[in-house]
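Q: The file below is structure.tsv, TSV, C-alpha atoms:
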chain	number	residue	atom	x	y	z
A	27	MET	CA	-18.18	-26.69	-2.08
A	28	THR	CA	-19.02	-29.12	-4.87
A	29	ASN	CA	-16.99	-27.36	-7.53
A	30	HIS	CA	-17.68	-29.81	-10.36
A	31	ARG	CA	-21.09	-28.15	-10.83
A	32	ILE	CA	-19.75	-24.62	-11.01
A	33	ARG	CA	-18.96	-23.67	-14.59
A	34	LYS	CA	-20.56	-20.25	-15.12
A	35	ALA	CA	-18.98	-16.91	-14.22
A	36	VAL	CA	-20.76	-13.57	-14.44
A	37	PHE	CA	-18.93	-10.29	-15.14
A	38	PRO	CA	-21.06	-7.20	-14.42
A	39	ILE	CA	-19.49	-4.50	-16.61
A	40	GLY	CA	-22.32	-2.04	-17.21
A	41	GLY	CA	-20.92	0.78	-15.03
A	42	LEU	CA	-20.04	4.18	-16.46
A	43	GLY	CA	-16.58	4.60	-14.91
A	44	THR	CA	-17.12	8.26	-14.02
A	45	ARG	CA	-14.10	8.31	-11.67
A	46	PHE	CA	-11.83	8.02	-14.72
A	47	LEU	CA	-13.36	10.66	-16.97
A	48	PRO	CA	-12.38	11.87	-19.49
A	49	ALA	CA	-10.45	8.63	-20.19
A	50	THR	CA	-13.66	6.59	-19.97
A	51	LYS	CA	-15.75	8.92	-22.14
A	52	ALA	CA	-15.22	6.54	-25.08
A	53	LEU	CA	-13.26	3.70	-23.44
A	54	PRO	CA	-14.99	1.25	-21.06
A	55	LYS	CA	-13.34	1.38	-17.63
A	56	GLU	CA	-12.88	-2.38	-17.82
A	57	MET	CA	-10.52	-1.79	-20.75
A	58	LEU	CA	-8.19	0.48	-18.76
A	59	PRO	CA	-4.75	-1.12	-19.08
A	60	ILE	CA	-2.50	-2.20	-16.26
A	61	ILE	CA	0.63	-1.78	-18.40
A	62	ASP	CA	-0.31	-3.99	-21.37
A	63	LYS	CA	-3.38	-5.91	-20.20
A	64	PRO	CA	-6.88	-4.49	-19.60
A	65	LEU	CA	-8.61	-4.98	-16.27
A	66	ILE	CA	-11.28	-7.26	-17.73
A	67	GLN	CA	-8.67	-9.68	-19.08
A	68	PHE	CA	-7.22	-10.26	-15.61
A	69	VAL	CA	-10.56	-11.44	-14.18
A	70	VAL	CA	-11.46	-13.48	-17.27
A	71	GLU	CA	-8.12	-15.30	-17.03
A	72	GLU	CA	-8.76	-15.81	-13.31
A	73	ALA	CA	-12.10	-17.47	-14.07
A	74	LEU	CA	-10.63	-19.67	-16.79
A	75	ASP	CA	-7.77	-20.72	-14.50
A	76	ALA	CA	-10.36	-21.70	-11.87
A	77	GLY	CA	-12.08	-24.03	-14.34
A	78	PHE	CA	-14.99	-21.84	-15.43
A	79	ASP	CA	-15.77	-22.28	-19.11
A	80	GLN	CA	-19.04	-20.38	-19.55
A	81	LEU	CA	-18.55	-16.63	-19.25
A	82	ILE	CA	-21.48	-14.22	-19.02
A	83	PHE	CA	-20.83	-10.50	-19.53
A	84	VAL	CA	-23.56	-8.13	-18.33
A	85	THR	CA	-22.83	-5.03	-20.38
A	86	GLY	CA	-24.22	-1.56	-21.01
A	87	ARG	CA	-24.08	1.00	-23.77
A	88	GLY	CA	-20.61	1.69	-25.10
A	89	LYS	CA	-19.11	-1.62	-24.00
A	90	GLU	CA	-18.54	-3.04	-27.49
A	91	ALA	CA	-14.76	-2.78	-27.03
A	92	VAL	CA	-14.92	-5.56	-24.41
A	93	GLU	CA	-16.64	-7.94	-26.83
A	94	ASN	CA	-14.17	-7.01	-29.57
A	95	HIS	CA	-11.22	-7.60	-27.24
A	96	PHE	CA	-12.17	-11.24	-26.70
A	97	ASP	CA	-13.01	-11.84	-30.36
A	98	THR	CA	-10.60	-13.02	-33.05
A	99	ALA	CA	-8.90	-10.12	-34.91
A	100	PHE	CA	-8.08	-11.70	-38.27
A	101	GLU	CA	-6.52	-8.64	-39.91
A	102	LEU	CA	-4.35	-7.81	-36.90
A	103	GLU	CA	-3.17	-11.41	-36.54
A	104	ARG	CA	-2.31	-11.65	-40.23
A	105	THR	CA	-0.32	-8.40	-40.07
A	106	LEU	CA	1.62	-9.57	-37.00
A	107	GLN	CA	2.33	-12.91	-38.71
A	108	GLU	CA	3.61	-11.21	-41.85
A	109	ARG	CA	5.87	-8.90	-39.83
A	110	GLY	CA	7.31	-11.73	-37.78
A	111	LYS	CA	6.00	-10.40	-34.46
A	112	LEU	CA	5.26	-13.86	-33.20
A	113	ARG	CA	5.44	-13.17	-29.45
A	114	VAL	CA	2.92	-10.36	-29.77
A	115	LEU	CA	0.79	-12.57	-32.02
A	116	GLU	CA	0.73	-15.22	-29.31
A	117	ASP	CA	-0.43	-12.63	-26.73
A	118	VAL	CA	-3.17	-11.39	-29.06
A	119	ARG	CA	-4.43	-14.89	-29.79
A	120	ALA	CA	-4.49	-15.66	-26.07
A	121	CYS	CA	-7.18	-12.97	-25.66
A	122	SER	CA	-9.62	-14.81	-27.92
A	123	LEU	CA	-12.24	-16.87	-26.11
A	124	ALA	CA	-13.29	-20.28	-27.31
A	125	PRO	CA	-16.31	-20.31	-29.62
A	126	GLY	CA	-19.53	-20.48	-27.64
A	127	SER	CA	-17.87	-19.82	-24.27
A	128	ALA	CA	-18.94	-16.16	-23.96
A	129	SER	CA	-22.42	-14.66	-23.75
A	130	TYR	CA	-23.25	-10.96	-23.67
A	131	ILE	CA	-26.43	-9.50	-22.23
A	132	ARG	CA	-27.37	-5.84	-21.87
A	133	GLN	CA	-28.29	-4.18	-18.57
A	134	GLN	CA	-30.57	-1.45	-19.91
A	135	GLU	CA	-30.46	0.71	-16.77
A	136	PRO	CA	-27.62	1.29	-14.27
A	137	LYS	CA	-29.63	-0.04	-11.32
A	138	GLY	CA	-26.82	-1.54	-9.28
A	139	LEU	CA	-24.77	-4.71	-8.94
A	140	GLY	CA	-27.70	-6.78	-7.75
A	141	HIS	CA	-29.73	-5.79	-10.79
A	142	ALA	CA	-26.80	-6.63	-13.09
A	143	VAL	CA	-26.54	-10.12	-11.59
A	144	LEU	CA	-30.29	-10.57	-11.91
A	145	CYS	CA	-30.04	-9.78	-15.63
A	146	ALA	CA	-27.97	-12.97	-16.04
A	147	ARG	CA	-30.57	-15.22	-14.42
A	148	HIS	CA	-31.81	-17.05	-17.51
A	149	LEU	CA	-28.22	-17.72	-18.64
A	150	VAL	CA	-27.03	-18.95	-15.24
A	151	GLY	CA	-29.83	-21.43	-14.60
A	152	ASP	CA	-30.13	-23.40	-11.36
A	153	ALA	CA	-26.49	-24.17	-10.46
A	154	PRO	CA	-24.06	-22.22	-8.27
A	155	PHE	CA	-22.13	-19.57	-10.18
A	156	ALA	CA	-19.36	-17.03	-9.73
A	157	VAL	CA	-19.43	-13.24	-9.94
A	158	LEU	CA	-16.21	-11.31	-10.58
A	159	LEU	CA	-15.82	-7.53	-10.50
A	160	ALA	CA	-13.23	-6.32	-12.99
A	161	ASP	CA	-12.22	-3.29	-10.94
A	162	GLU	CA	-11.12	-5.48	-8.02
A	163	LEU	CA	-7.71	-6.74	-9.09
A	164	ILE	CA	-6.01	-9.44	-6.98
A	165	LEU	CA	-2.45	-10.19	-8.01
A	166	GLY	CA	0.40	-12.43	-6.91
A	167	GLY	CA	-1.46	-14.90	-4.71
A	168	ALA	CA	-0.59	-18.52	-4.03
A	169	ALA	CA	-3.47	-19.31	-6.41
A	170	PRO	CA	-5.98	-17.18	-8.33
A	171	ALA	CA	-8.48	-15.69	-5.89
A	172	LEU	CA	-11.48	-17.44	-7.46
A	173	THR	CA	-9.66	-20.77	-7.26
A	174	GLU	CA	-9.23	-20.26	-3.52
A	175	LEU	CA	-12.99	-19.69	-3.20
A	176	VAL	CA	-13.83	-22.80	-5.23
A	177	GLN	CA	-11.52	-24.91	-3.10
A	178	THR	CA	-13.18	-23.79	0.14
A	179	GLU	CA	-15.36	-26.48	1.70
A	180	ALA	CA	-18.43	-24.36	2.41
A	181	GLU	CA	-22.12	-24.40	1.62
A	182	GLY	CA	-24.33	-21.48	0.68
A	183	ASN	CA	-22.66	-18.28	-0.49
A	184	VAL	CA	-18.88	-17.73	-0.43
A	185	VAL	CA	-17.15	-14.37	-0.85
A	186	ALA	CA	-13.56	-13.15	-0.99
A	187	VAL	CA	-12.70	-10.81	1.86
A	188	ALA	CA	-9.85	-8.59	3.00
A	189	GLU	CA	-9.22	-6.39	5.99
A	190	VAL	CA	-9.54	-2.71	5.05
A	191	PRO	CA	-8.72	0.47	7.00
A	192	GLN	CA	-11.51	1.62	9.30
A	193	GLU	CA	-11.91	4.84	7.33
A	194	HIS	CA	-12.61	2.83	4.15
A	195	VAL	CA	-15.35	0.49	5.43
A	196	SER	CA	-18.08	2.73	3.96
A	197	ARG	CA	-16.95	1.65	0.47
A	198	TYR	CA	-17.75	-2.04	0.94
A	199	GLY	CA	-20.04	-4.75	2.16
A	200	ILE	CA	-18.72	-5.62	5.64
A	201	LEU	CA	-19.05	-8.96	7.44
A	202	ALA	CA	-20.03	-9.34	11.07
A	203	HIS	CA	-18.35	-12.46	12.44
A	204	ARG	CA	-16.87	-13.93	15.61
A	205	GLY	CA	-13.37	-14.32	14.27
A	206	CYS	CA	-11.77	-16.39	11.55
A	207	SER	CA	-10.43	-19.93	11.50
A	208	GLY	CA	-7.43	-19.90	9.24
A	209	LYS	CA	-8.44	-18.19	6.01
A	210	THR	CA	-12.19	-18.48	6.51
A	211	CYS	CA	-14.77	-16.77	8.66
A	212	VAL	CA	-18.45	-17.62	9.06
A	213	ALA	CA	-20.61	-14.51	8.86
A	214	GLN	CA	-23.40	-13.67	11.27
A	215	ALA	CA	-24.44	-10.70	9.14
A	216	ILE	CA	-23.32	-8.56	6.22
A	217	VAL	CA	-23.85	-4.79	6.05
A	218	GLU	CA	-23.66	-2.67	2.91
A	219	LYS	CA	-21.36	0.37	3.21
A	220	PRO	CA	-21.68	1.09	6.94
A	221	THR	CA	-20.21	4.19	8.52
A	222	PRO	CA	-16.89	3.65	10.33
A	223	GLU	CA	-18.74	4.01	13.65
A	224	GLU	CA	-21.37	1.41	12.76
A	225	ALA	CA	-19.18	-1.16	10.95
A	226	PRO	CA	-19.23	-4.56	12.70
A	227	SER	CA	-15.64	-5.30	11.55
A	228	ARG	CA	-13.07	-4.31	8.94
A	229	THR	CA	-13.64	-7.51	6.96
A	230	ALA	CA	-14.74	-6.32	3.52
A	231	VAL	CA	-16.09	-8.22	0.53
A	232	VAL	CA	-13.65	-7.65	-2.35
A	233	GLY	CA	-15.28	-8.49	-5.64
A	234	ARG	CA	-15.32	-12.29	-5.85
A	235	TYR	CA	-18.44	-14.32	-5.11
A	236	ILE	CA	-19.68	-17.87	-5.48
A	237	LEU	CA	-23.43	-17.71	-5.11
A	238	SER	CA	-26.31	-20.09	-4.75
A	239	PRO	CA	-28.83	-19.75	-7.60
A	240	ARG	CA	-31.41	-19.01	-4.89
A	241	ILE	CA	-29.97	-15.48	-4.89
A	242	PHE	CA	-32.14	-14.67	-7.92
A	243	ASN	CA	-35.34	-15.14	-5.93
A	244	TYR	CA	-34.12	-12.60	-3.40
A	245	LEU	CA	-32.87	-10.14	-6.00
A	246	GLU	CA	-36.19	-10.32	-7.81
A	247	ARG	CA	-38.06	-9.01	-4.78
A	248	GLN	CA	-35.26	-6.81	-3.42
A	249	GLU	CA	-36.28	-3.18	-2.92
A	250	PRO	CA	-33.87	-0.55	-4.26
A	251	GLY	CA	-31.73	1.20	-1.67
A	252	PRO	CA	-31.52	4.96	-1.03
A	253	SER	CA	-29.44	5.38	-4.21
A	254	GLY	CA	-32.14	3.72	-6.30
A	255	GLU	CA	-29.95	0.66	-6.87
A	256	ILE	CA	-30.56	-3.01	-6.10
A	257	GLN	CA	-27.66	-4.14	-3.94
A	258	LEU	CA	-26.25	-7.66	-4.14
A	259	THR	CA	-25.17	-7.34	-0.51
A	260	ASP	CA	-28.77	-6.81	0.63
A	261	ALA	CA	-29.89	-10.01	-1.08
A	262	ILE	CA	-27.02	-11.98	0.47
A	263	ALA	CA	-27.96	-10.51	3.87
A	264	ALA	CA	-31.59	-11.57	3.42
A	265	MET	CA	-30.49	-15.11	2.55
A	266	LEU	CA	-28.27	-15.23	5.63
A	267	LYS	CA	-31.17	-14.22	7.86
A	268	GLU	CA	-33.17	-17.12	6.43
A	269	GLY	CA	-30.45	-19.66	7.13
A	270	VAL	CA	-28.33	-19.72	3.97
A	271	PRO	CA	-24.70	-19.70	5.20
A	272	LEU	CA	-22.21	-17.04	4.18
A	273	THR	CA	-18.47	-17.75	4.35
A	274	GLY	CA	-15.71	-15.19	3.86
A	275	VAL	CA	-12.36	-16.35	2.48
A	276	HIS	CA	-9.22	-14.27	2.99
A	277	VAL	CA	-7.57	-14.66	-0.40
A	278	SER	CA	-3.79	-14.67	-0.55
A	279	GLY	CA	-3.08	-12.16	-3.31
A	280	VAL	CA	-2.39	-8.44	-3.14
A	281	ARG	CA	-5.61	-6.54	-3.77
A	282	PHE	CA	-5.99	-3.29	-5.69
A	283	ASP	CA	-9.23	-1.32	-5.86
A	284	CYS	CA	-9.03	-0.29	-9.51
A	285	GLY	CA	-12.33	1.51	-9.29
A	286	ALA	CA	-10.21	4.39	-7.98
A	287	ARG	CA	-7.12	6.06	-9.42
A	288	ASP	CA	-4.81	5.07	-6.57
A	289	GLY	CA	-5.67	1.41	-7.17
A	290	VAL	CA	-4.79	1.61	-10.86
A	291	VAL	CA	-1.50	3.33	-10.02
A	292	GLY	CA	-0.70	0.73	-7.34
A	293	ALA	CA	-1.50	-2.22	-9.60
A	294	THR	CA	0.58	-0.74	-12.41
A	295	LEU	CA	3.58	-0.26	-10.12
A	296	PHE	CA	3.15	-3.76	-8.67
A	297	ARG	CA	3.24	-5.34	-12.12
A	298	ALA	CA	6.09	-3.10	-13.27
A	299	LEU	CA	8.26	-3.98	-10.29
A	300	GLN	CA	7.77	-7.68	-11.04
A	301	ASP	CA	8.96	-7.19	-14.62
A	302	PRO	CA	12.79	-7.00	-14.87
A	303	THR	CA	12.54	-4.81	-17.97
A	304	LEU	CA	10.38	-2.23	-16.18
A	305	ALA	CA	11.49	-2.36	-12.54
A	306	ALA	CA	14.59	-0.23	-13.20
A	307	VAL	CA	12.45	2.38	-14.98
A	308	VAL	CA	10.17	2.65	-11.96
A	309	ARG	CA	13.07	3.01	-9.53
A	310	ASP	CA	14.84	5.57	-11.74
A	311	THR	CA	11.64	7.60	-12.03
A	312	ILE	CA	11.17	7.57	-8.25
A	313	ASP	CA	14.79	8.67	-7.78
A	314	ILE	CA	14.31	11.55	-10.23
A	315	SER	CA	11.09	12.57	-8.49
A	316	ASN	CA	12.79	12.50	-5.08
A	317	ARG	CA	15.71	14.60	-6.31
A	318	GLU	CA	13.37	17.19	-7.78
A	319	ARG	CA	11.30	17.26	-4.59
A	320	ILE	CA	14.41	17.80	-2.45
A	321	ALA	CA	15.73	20.49	-4.84
A	322	SER	CA	12.46	22.39	-4.67
For the file at hand, write its structure as structure tokens.
A:
Amino acid sequence: MTNHRIRKAVFPIGGLGTRFLPATKALPKEMLPIIDKPLIQFVVEEALDAGFDQLIFVTGRGKEAVENHFDTAFELERTLQERGKLRVLEDVRACSLAPGSASYIRQQEPKGLGHAVLCARHLVGDAPFAVLLADELILGGAAPALTELVQTEAEGNVVAVAEVPQEHVSRYGILAHRGCSGKTCVAQAIVEKPTPEEAPSRTAVVGRYILSPRIFNYLERQEPGPSGEIQLTDAIAAMLKEGVPLTGVHVSGVRFDCGARDGVVGATLFRALQDPTLAAVVRDTIDISNRERIAS
């Protein structure tokens, strides 16, 4: 992978977040906090750490909080400075993106991930680019997940993958392959949300992509699926059938599906247990819960 050409990262954040209602009635799901940091900040930092400096947010109605989060908050910063809260001030300033590094484009209709990526076409141009899903959180790896994809010597499309339980394969795009060599596996096919009986493997795509710009030609003519959405997986599958390689990379971090409540809880506990000031609180709370359960 010739990573010196890859500078642009796309963040599709137009979804409604219905699994978290009523919390997401007024708050974008990408702003749900994992302790003190919103989901979207984790993936933006991951992209910046991997060397991406042009960030494209594909938004929808009600997503203004995301844009505000990455903007400079002059009044807040001045207040923190005056009150001597310098550590918090440093954290707040770290959220601000460099001038000109972020672009925001509206996805007018919720027509699927493939459609959201297609909306970014004129901003991406004709170079390979990354796509990161904010509700797929990957923590604690040897390197940021996107960095591991960039460092993979592969042509065509590259995706992050993880093994998932058989009963969960219907939630993901699943690779068909003949086994992996180290961290990577070369796909023979990719299937969108197969049933457990029909799944070719348990190797699931987990929200990180490096894509050839040719993907836009396929997305443009992609027919919507049964749900009325244009699926990114279907376009990748069509490219694979026409000879564009697809490589899966088993990333080293711990993955949490924060599109569901159990993923948010798991990610919160994972971060808390790594923080010495919070780990004892978690353990004490579990002890109290266990005592109450035994008493009842």
Q: Check the smallest atom-to-atom distance from each of A:Asp75, A:Asp152, A:Glu224, A:Glu246 to Val195 of chain A using all atoms listed in the file, then report the winner.
A: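 Comparing A:Asp75, A:Asp152, A:Glu224, A:Glu246 against Val195 of chain A, the winner is A:Glu224.
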Q: Check which residues of segment 226-314 of chain A sit at most 7 Å from segment 168-191 of chain A using all atoms listed in the file, and return one row each with the closest pair of atoms and their distance in Å to one decimal, ordered by chain and rising number, as a Markdown table.
A:
| residue | atom | partner | partner_atom | distance |
| --- | --- | --- | --- | --- |
| A:Arg228 | CA | A:Glu189 | CA | 5.3 |
| A:Thr229 | CA | A:Glu189 | CA | 4.7 |
| A:Ala230 | CA | A:Val187 | CA | 5.2 |
| A:Val231 | CA | A:Val187 | CA | 4.5 |
| A:Val232 | CA | A:Val187 | CA | 5.3 |
| A:Gly233 | CA | A:Ala186 | CA | 6.8 |
| A:Arg234 | CA | A:Ala186 | CA | 5.2 |
| A:Tyr235 | CA | A:Val185 | CA | 4.5 |
| A:Ile236 | CA | A:Val184 | CA | 5.1 |
| A:Leu237 | CA | A:Asn183 | CA | 4.7 |
| A:Ser238 | CA | A:Asn183 | CA | 5.9 |
| A:Val270 | CA | A:Gly182 | CA | 5.5 |
| A:Pro271 | CA | A:Gly182 | CA | 4.9 |
| A:Leu272 | CA | A:Asn183 | CA | 4.9 |
| A:Thr273 | CA | A:Val184 | CA | 4.8 |
| A:Gly274 | CA | A:Val185 | CA | 5.0 |
| A:Val275 | CA | A:Ala186 | CA | 4.9 |
| A:His276 | CA | A:Val187 | CA | 5.0 |
| A:Val277 | CA | A:Ala171 | CA | 5.7 |
| A:Ser278 | CA | A:Ala168 | CA | 6.1 |
| A:Gly279 | CA | A:Ala168 | CA | 6.9 |
Q: Calculated over all atoms listed in the file, which of the candidates A:Arg281, A:His95, A:Lys137, A:Arg45 has the smallest distance to Ser253 of chain A?
A: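 Among the listed residues, the smallest separation from Ser253 of chain A belongs to A:Lys137.
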Q: My list of candidates is A:Glu90, A:Leu65, A:Val143, A:Phe282. Which is closest to Ala52 of chain A when distances are computed with all atoms listed in the file?
A: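 Ranking A:Glu90, A:Leu65, A:Val143, A:Phe282 by distance to Ala52 of chain A, first place goes to A:Glu90.
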Q: So how many Å separate atom CA of Asp62 of chain A and atom CA of Val92 of chain A, to one decimal?
A: 15.0 Å
Q: To one decimal place, how far is atom CA of Gly88 of chain A from atom CA of Glu249 of chain A in Å?
A: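 One can read the atom CA of Gly88 of chain A to atom CA of Glu249 of chain A distance as 27.6 Å.
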Q: Show me, as number ranges by chain, the residues that have an atom within 10 Å of Arg197 of chain A when counting only C-alpha atoms, minus same-chain residues fewer than 3 positions from it.
A: A: 190, 193-194, 200, 218-221, 230-231
Q: Suppose you want the space between atom CA of Ala215 of chain A and atom CA of Ala202 of chain A; what is it in Å?
A: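 So the two atoms, atom CA of Ala215 of chain A and atom CA of Ala202 of chain A, lie 5.0 Å apart.
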Q: Which is closest to Val157 of chain A among A:Leu299, A:Lys111, A:Leu139, A:Gln192, if we use all atoms listed in the file?
A: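 Of the candidates, the smallest distance to Val157 of chain A is held by A:Leu139.
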Q: Find, counting only C-alpha atoms, the residue in A:Arg109, A:Arg319, A:Lys55, A:His148 that gets nearest to Lys34 of chain A.
A: A:His148
